[in-house]
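Colleague: Next comes the structure file start_17.cif, holding mmCIF, C-alpha atoms.
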data_structure
loop_
_atom_site.label_atom_id
_atom_site.label_comp_id
_atom_site.auth_asym_id
_atom_site.auth_seq_id
_atom_site.Cartn_x
_atom_site.Cartn_y
_atom_site.Cartn_z
CA MET K 1 -21.74 31.32 -63.29
CA HIS K 2 -23.73 31.49 -66.49
CA PRO K 3 -26.95 29.41 -66.46
CA LEU K 4 -26.90 26.76 -69.18
CA ASP K 5 -29.76 24.61 -70.37
CA ALA K 6 -29.58 21.22 -72.11
CA ARG K 7 -29.24 22.77 -75.57
CA ASP K 8 -26.42 25.07 -74.48
CA LEU K 9 -24.62 22.06 -73.01
CA ALA K 10 -25.20 20.08 -76.23
CA ILE K 11 -23.75 22.94 -78.29
CA LEU K 12 -20.66 23.05 -76.07
CA GLN K 13 -20.16 19.28 -76.14
CA ILE K 14 -20.44 19.14 -79.94
CA LEU K 15 -18.11 22.09 -80.49
CA SER K 16 -15.53 20.76 -78.02
CA ARG K 17 -15.21 17.68 -80.23
CA ASP K 18 -15.87 19.20 -83.67
CA GLY K 19 -15.08 22.90 -83.91
CA ARG K 20 -15.45 22.82 -87.69
CA ILE K 21 -19.07 21.72 -87.72
CA THR K 22 -21.25 23.98 -89.84
CA LYS K 23 -23.82 26.14 -88.11
CA ALA K 24 -26.59 24.29 -89.97
CA ALA K 25 -25.30 20.88 -88.86
CA LEU K 26 -24.87 22.12 -85.29
CA ALA K 27 -28.44 23.45 -85.26
CA ALA K 28 -29.76 20.14 -86.57
CA LYS K 29 -27.84 18.14 -83.95
CA VAL K 30 -29.25 20.20 -81.07
CA GLY K 31 -32.79 20.36 -82.48
CA LEU K 32 -32.93 24.06 -83.29
CA SER K 33 -33.31 26.10 -86.42
CA ALA K 34 -30.26 28.04 -87.57
CA THR K 35 -31.13 31.47 -86.15
CA PRO K 36 -31.84 30.42 -82.53
CA CYS K 37 -28.75 28.18 -82.58
CA TRP K 38 -26.65 31.08 -83.88
CA GLU K 39 -28.04 33.36 -81.14
CA ARG K 40 -27.12 30.80 -78.46
CA LEU K 41 -23.65 30.43 -79.95
CA LYS K 42 -23.12 34.20 -79.88
CA ARG K 43 -24.40 34.36 -76.27
CA LEU K 44 -21.97 31.61 -75.21
CA GLU K 45 -19.12 33.47 -76.93
CA ALA K 46 -20.11 36.82 -75.36
CA ALA K 47 -20.23 35.19 -71.92
CA GLY K 48 -16.68 33.93 -72.38
CA ILE K 49 -17.76 30.28 -72.23
CA ILE K 50 -16.62 29.71 -75.80
CA GLN K 51 -13.22 31.37 -75.88
CA GLY K 52 -12.08 30.45 -79.36
CA TYR K 53 -11.71 27.88 -82.09
CA ARG K 54 -8.52 26.21 -83.21
CA ALA K 55 -7.12 23.15 -84.89
CA GLU K 56 -5.32 20.42 -82.99
CA ILE K 57 -1.98 20.08 -84.74
CA GLY K 58 -0.24 16.70 -84.91
CA LEU K 59 3.41 17.57 -84.36
CA LYS K 60 4.95 14.19 -85.19
CA PRO K 61 4.36 14.48 -88.97
CA LEU K 62 5.94 17.96 -88.91
CA GLY K 63 9.27 16.78 -87.54
CA PRO K 64 11.17 16.24 -84.33
CA HIS K 65 9.86 17.84 -81.16
CA VAL K 66 9.81 17.34 -77.44
CA THR K 67 7.19 18.26 -74.86
CA VAL K 68 8.43 19.02 -71.37
CA PHE K 69 6.39 19.80 -68.28
CA VAL K 70 8.27 22.04 -65.88
CA THR K 71 7.45 22.85 -62.29
CA ALA K 72 8.83 26.22 -61.28
CA GLU K 73 9.43 27.81 -57.93
CA LEU K 74 10.04 31.53 -57.56
CA ALA K 75 12.67 33.00 -55.26
CA ASP K 76 10.31 35.67 -53.96
CA HIS K 77 6.58 35.41 -53.30
CA THR K 78 5.37 38.96 -53.76
CA GLY K 79 2.67 40.11 -56.14
CA ALA K 80 5.25 41.98 -58.20
CA SER K 81 7.39 38.83 -58.49
CA PHE K 82 4.46 36.78 -59.74
CA ARG K 83 3.48 39.48 -62.25
CA ARG K 84 7.06 39.79 -63.56
CA PHE K 85 7.37 36.02 -63.99
CA GLU K 86 3.96 35.68 -65.69
CA ALA K 87 4.67 38.55 -68.09
CA ALA K 88 7.99 37.00 -69.09
CA ILE K 89 6.44 33.56 -69.58
CA ALA K 90 3.59 34.97 -71.69
CA ALA K 91 6.16 36.29 -74.18
CA VAL K 92 7.79 32.88 -74.82
CA GLU K 93 6.18 31.08 -77.76
CA GLU K 94 7.57 27.65 -76.81
CA ILE K 95 5.75 27.81 -73.47
CA THR K 96 2.35 26.62 -74.64
CA GLY K 97 0.72 26.43 -71.23
CA CYS K 98 1.29 27.89 -67.78
CA TRP K 99 -0.72 27.32 -64.63
CA ALA K 100 -0.26 28.89 -61.19
CA LEU K 101 -0.35 26.18 -58.52
CA GLY K 102 -1.19 25.91 -54.86
CA GLY K 103 1.15 23.71 -52.85
CA GLY K 104 4.88 23.13 -53.06
CA GLN K 105 5.55 24.58 -56.50
CA ASP K 106 4.43 27.94 -57.87
CA TYR K 107 3.83 27.11 -61.56
CA LEU K 108 3.45 24.27 -64.01
CA LEU K 109 4.68 25.05 -67.51
CA GLN K 110 4.17 23.11 -70.72
CA VAL K 111 7.03 23.59 -73.15
CA VAL K 112 7.07 22.35 -76.74
CA THR K 113 10.35 22.72 -78.60
CA ARG K 114 12.47 21.03 -81.26
CA ASP K 115 14.74 18.97 -78.98
CA ILE K 116 16.32 18.78 -75.53
CA ASP K 117 19.12 21.15 -76.52
CA SER K 118 16.65 23.87 -77.54
CA TYR K 119 14.70 23.21 -74.34
CA GLN K 120 17.86 23.72 -72.27
CA ARG K 121 18.68 26.93 -74.15
CA LEU K 122 15.17 28.17 -73.33
CA ILE K 123 15.62 27.39 -69.63
CA ASP K 124 19.04 29.04 -69.62
CA SER K 125 17.53 32.17 -71.17
CA LEU K 126 14.82 32.24 -68.49
CA LEU K 127 17.44 31.93 -65.77
CA ASP K 128 19.59 34.65 -67.38
CA ALA K 129 16.55 36.95 -67.66
CA ARG K 130 16.34 37.15 -63.87
CA ILE K 131 12.57 36.79 -63.76
CA GLY K 132 12.65 35.30 -60.27
CA LEU K 133 12.98 31.61 -61.17
CA ALA K 134 14.70 29.95 -58.20
CA ARG K 135 14.24 26.25 -59.01
CA TYR K 136 12.74 24.18 -61.76
CA TYR K 137 12.15 20.49 -62.37
CA SER K 138 11.77 19.04 -65.86
CA TYR K 139 9.51 16.15 -66.83
CA ILE K 140 9.99 14.98 -70.42
CA VAL K 141 6.94 13.50 -72.11
CA THR K 142 7.77 10.08 -73.56
CA LYS K 143 4.38 9.55 -75.18
CA PRO K 144 1.00 11.23 -75.12
CA VAL K 145 -1.63 9.05 -73.43
CA LYS K 146 -4.76 11.17 -73.28
CA SER K 147 -5.88 14.63 -74.29
CA GLY K 148 -9.44 15.70 -74.73
CA PRO K 149 -12.12 18.27 -74.09
CA PRO K 150 -13.31 19.00 -70.55
CA PRO K 151 -16.02 16.71 -69.11
CA LEU K 152 -18.79 19.29 -69.42
CA ALA K 153 -21.67 17.10 -68.24
CA ALA K 154 -19.75 16.02 -65.13
CA LEU K 155 -18.68 19.59 -64.35
CA LEU K 156 -22.24 20.84 -64.60
CA GLY K 157 -23.74 17.99 -62.60
CA GLY K 158 -25.38 16.35 -65.63
#
Using structure tokens, write down the structure from this file.

Modeller:
Amino acid sequence: MHPLDARDLAILQILSRDGRITKAALAAKVGLSATPCWERLKRLEAAGIIQGYRAEIGLKPLGPHVTVFVTAELADHTGASFRRFEAAIAAVEEITGCWALGGGQDYLLQVVTRDIDSYQRLIDSLLDARIGLARYYSYIVTKPVKSGPPPLAALLGG
């Protein structure tokens, strides 16, 4: 664990909500001059705490789409089976998230695609690829309710 002070936490909270903030504005918000703020930012990046910057894209204005969460169970539970499945999933652009799970299912996938037909074609291709997928269950998102940055203060006991 990387030790963080109040200013580091403030930098992270601000960036998690406004990744486009200028370095000067960020420094002013956390009560630092530009150079020390920049040094902290670089340290947080080097430590892997800040892993990147990206825009949140609103898909609805771009056209039809569907988000599907999929729980997946593998046929075989060996290290090689997990590695083969994960490598195959990593290569599929429509799979925007994948988490290994403890419990009854092995993985949770987030799939974003044009429509249900394209989703089914994707699943069929995964089954045809013989990557060890034994069973899957699909959960179609009917509306987004909440999405946000992690609760940094709560995670760090603040």

Colleague: Taking 3 positions as the minimum chain separation for residues in the same chain, which residues sit within 8 Å of region 135-140 of chain K when counting all atoms listed in the file? Answer as a list in words.

Modeller: Val66, Thr67, Val68, Phe69, Val70, Thr71, Ala72, Glu73, Leu74 and Ala75 of chain K

Colleague: Just checking: using all atoms listed in the file, which residue out of K:Pro144, K:Gly132, K:Gly52, K:Gly31 ends up closest to Thr78 (chain K)?

Modeller: K:Gly132

Colleague: Nearest to Gly48 (chain K): which of K:Leu62, K:Glu94, K:His2, K:Asp18 is it, counting all atoms listed in the file?

Modeller: K:His2

Colleague: Considering only C-alpha atoms, return as an MDAnalysis selection string whatever protein or nucleic-acid residues lie within 9 Å of Ile50 (chain K), sequence-local ones (same chain, fewer than 5 positions apart) excluded.

Modeller: chainID K and resid 12 41:42 44:45

Colleague: Considering only C-alpha atoms, state which residue in the set K:Gly157, K:Leu127, K:Arg83, K:Ala88 is at the smallest distance from Asp5 (chain K).

Modeller: K:Gly157

Colleague: If you measure from CA of Ile116 (chain K) to CA of Pro149 (chain K), what distance in Å do you get, rounded to one decimal?

Modeller: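 That distance, rounded to one decimal, is 28.5 Å.
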
Colleague: Quick check, in Å to one decimal: how far apart do CA of Val111 (chain K) and CA of Gly97 (chain K) lie?

Modeller: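 For CA of Val111 (chain K) relative to CA of Gly97 (chain K), the distance reads 7.2 Å.
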
Colleague: For Ser118 (chain K), which of K:Ala10, K:His65, K:Cys37, K:Lys29 is the closest residue, counting only C-alpha atoms?

Modeller: K:His65

Colleague: Is it possible to get the axis-aligned box enclosing region 49-65 of chain K (all listed atoms, 5 Å extra per side) as JSON, with centre and edge lengths in Å rounded to one decimal?

Modeller:
{"center_x": -3.3, "center_y": 22.8, "center_z": -80.6, "size_x": 38.9, "size_y": 27.2, "size_z": 26.7}

Colleague: What is the distance, in Å and to one decimal place, between CA of Ile131 (chain K) and CA of Phe85 (chain K)?

Modeller: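 Pair CA of Ile131 (chain K) / CA of Phe85 (chain K) returns 5.3 Å.
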
Colleague: Let me make sure I understand: among K:Gln13, K:Ser147, K:Gln120, K:Thr142, which one has the smallest atom-to-atom distance to Leu26 (chain K) if we use only C-alpha atoms?

Modeller: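 With only C-alpha atoms as the atom set, the closest residue is K:Gln13.
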
Colleague: Restricting the calculation to all atoms listed in the file, which member of K:Pro36, K:Ala24, K:Arg7, K:Ala87 is positioned closest to Ala129 (chain K)?

Modeller: K:Ala87

Colleague: Applying 12 Å and all atoms listed in the file, which residues near Pro3 (chain K) remain after dropping the ones on its own chain fewer than 6 positions away? List them as a PDB file with C-alpha atoms, in the frame of the given file.

Modeller:
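To be explicit, this is the file written out as out-v5.pdb:
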ATOM      1  CA  LEU K   9     -24.620  22.060 -73.010  1.00  0.00           C
ATOM      2  CA  ARG K  43     -24.400  34.360 -76.270  1.00  0.00           C
ATOM      3  CA  LEU K  44     -21.970  31.610 -75.210  1.00  0.00           C
ATOM      4  CA  ALA K  47     -20.230  35.190 -71.920  1.00  0.00           C
ATOM      5  CA  ILE K  49     -17.760  30.280 -72.230  1.00  0.00           C
ATOM      6  CA  LEU K 156     -22.240  20.840 -64.600  1.00  0.00           C
TER       7      LEU K 156
END

Colleague: Suppose a student applies the PyMOL selection byres ((chain K and resi 54) around 12) to this structure; what residues should they get, written as a list in words?

Modeller: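 Written out, the selection comes to Leu15, Ser16, Arg17, Asp18, Gly19, Arg20, Ile50, Gln51, Gly52, Tyr53, Ala55, Glu56 and Ile57 of chain K.
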
Colleague: I'd like the neighbourhood of Thr96 (chain K) as an mmCIF file with C-alpha atoms, in the coordinates of the input, where a residue qualifies if any of its atoms comes within 8 Å (using only C-alpha atoms), though same-chain residues fewer than 3 positions away should be ignored.

Modeller:
data_model
loop_
_atom_site.group_PDB
_atom_site.id
_atom_site.type_symbol
_atom_site.label_atom_id
_atom_site.label_comp_id
_atom_site.auth_asym_id
_atom_site.auth_seq_id
_atom_site.Cartn_x
_atom_site.Cartn_y
_atom_site.Cartn_z
ATOM 1 C CA GLU K 93 6.180 31.080 -77.760
ATOM 2 C CA LEU K 109 4.680 25.050 -67.510
ATOM 3 C CA GLN K 110 4.170 23.110 -70.720
ATOM 4 C CA VAL K 111 7.030 23.590 -73.150
ATOM 5 C CA VAL K 112 7.070 22.350 -76.740
#

Colleague: Pro64 (chain K): which residues within 9 Å, counting all atoms listed in the file, same-chain residues fewer than 2 positions away excluded, as a list in words?

Modeller: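 Here the answer would be Leu59, Lys60, Pro61, Leu62, Val66, Thr113, Arg114 and Asp115 of chain K.
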
Colleague: Restricting it to C-alpha atoms, dump the selection as a PDB file, in the frame of the given file.

Modeller:
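Written output follows (selection-v3.pdb):
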ATOM      1  CA  LEU K  59       3.410  17.570 -84.360  1.00  0.00           C
ATOM      2  CA  LYS K  60       4.950  14.190 -85.190  1.00  0.00           C
ATOM      3  CA  PRO K  61       4.360  14.480 -88.970  1.00  0.00           C
ATOM      4  CA  LEU K  62       5.940  17.960 -88.910  1.00  0.00           C
ATOM      5  CA  VAL K  66       9.810  17.340 -77.440  1.00  0.00           C
ATOM      6  CA  THR K 113      10.350  22.720 -78.600  1.00  0.00           C
ATOM      7  CA  ARG K 114      12.470  21.030 -81.260  1.00  0.00           C
ATOM      8  CA  ASP K 115      14.740  18.970 -78.980  1.00  0.00           C
TER       9      ASP K 115
END
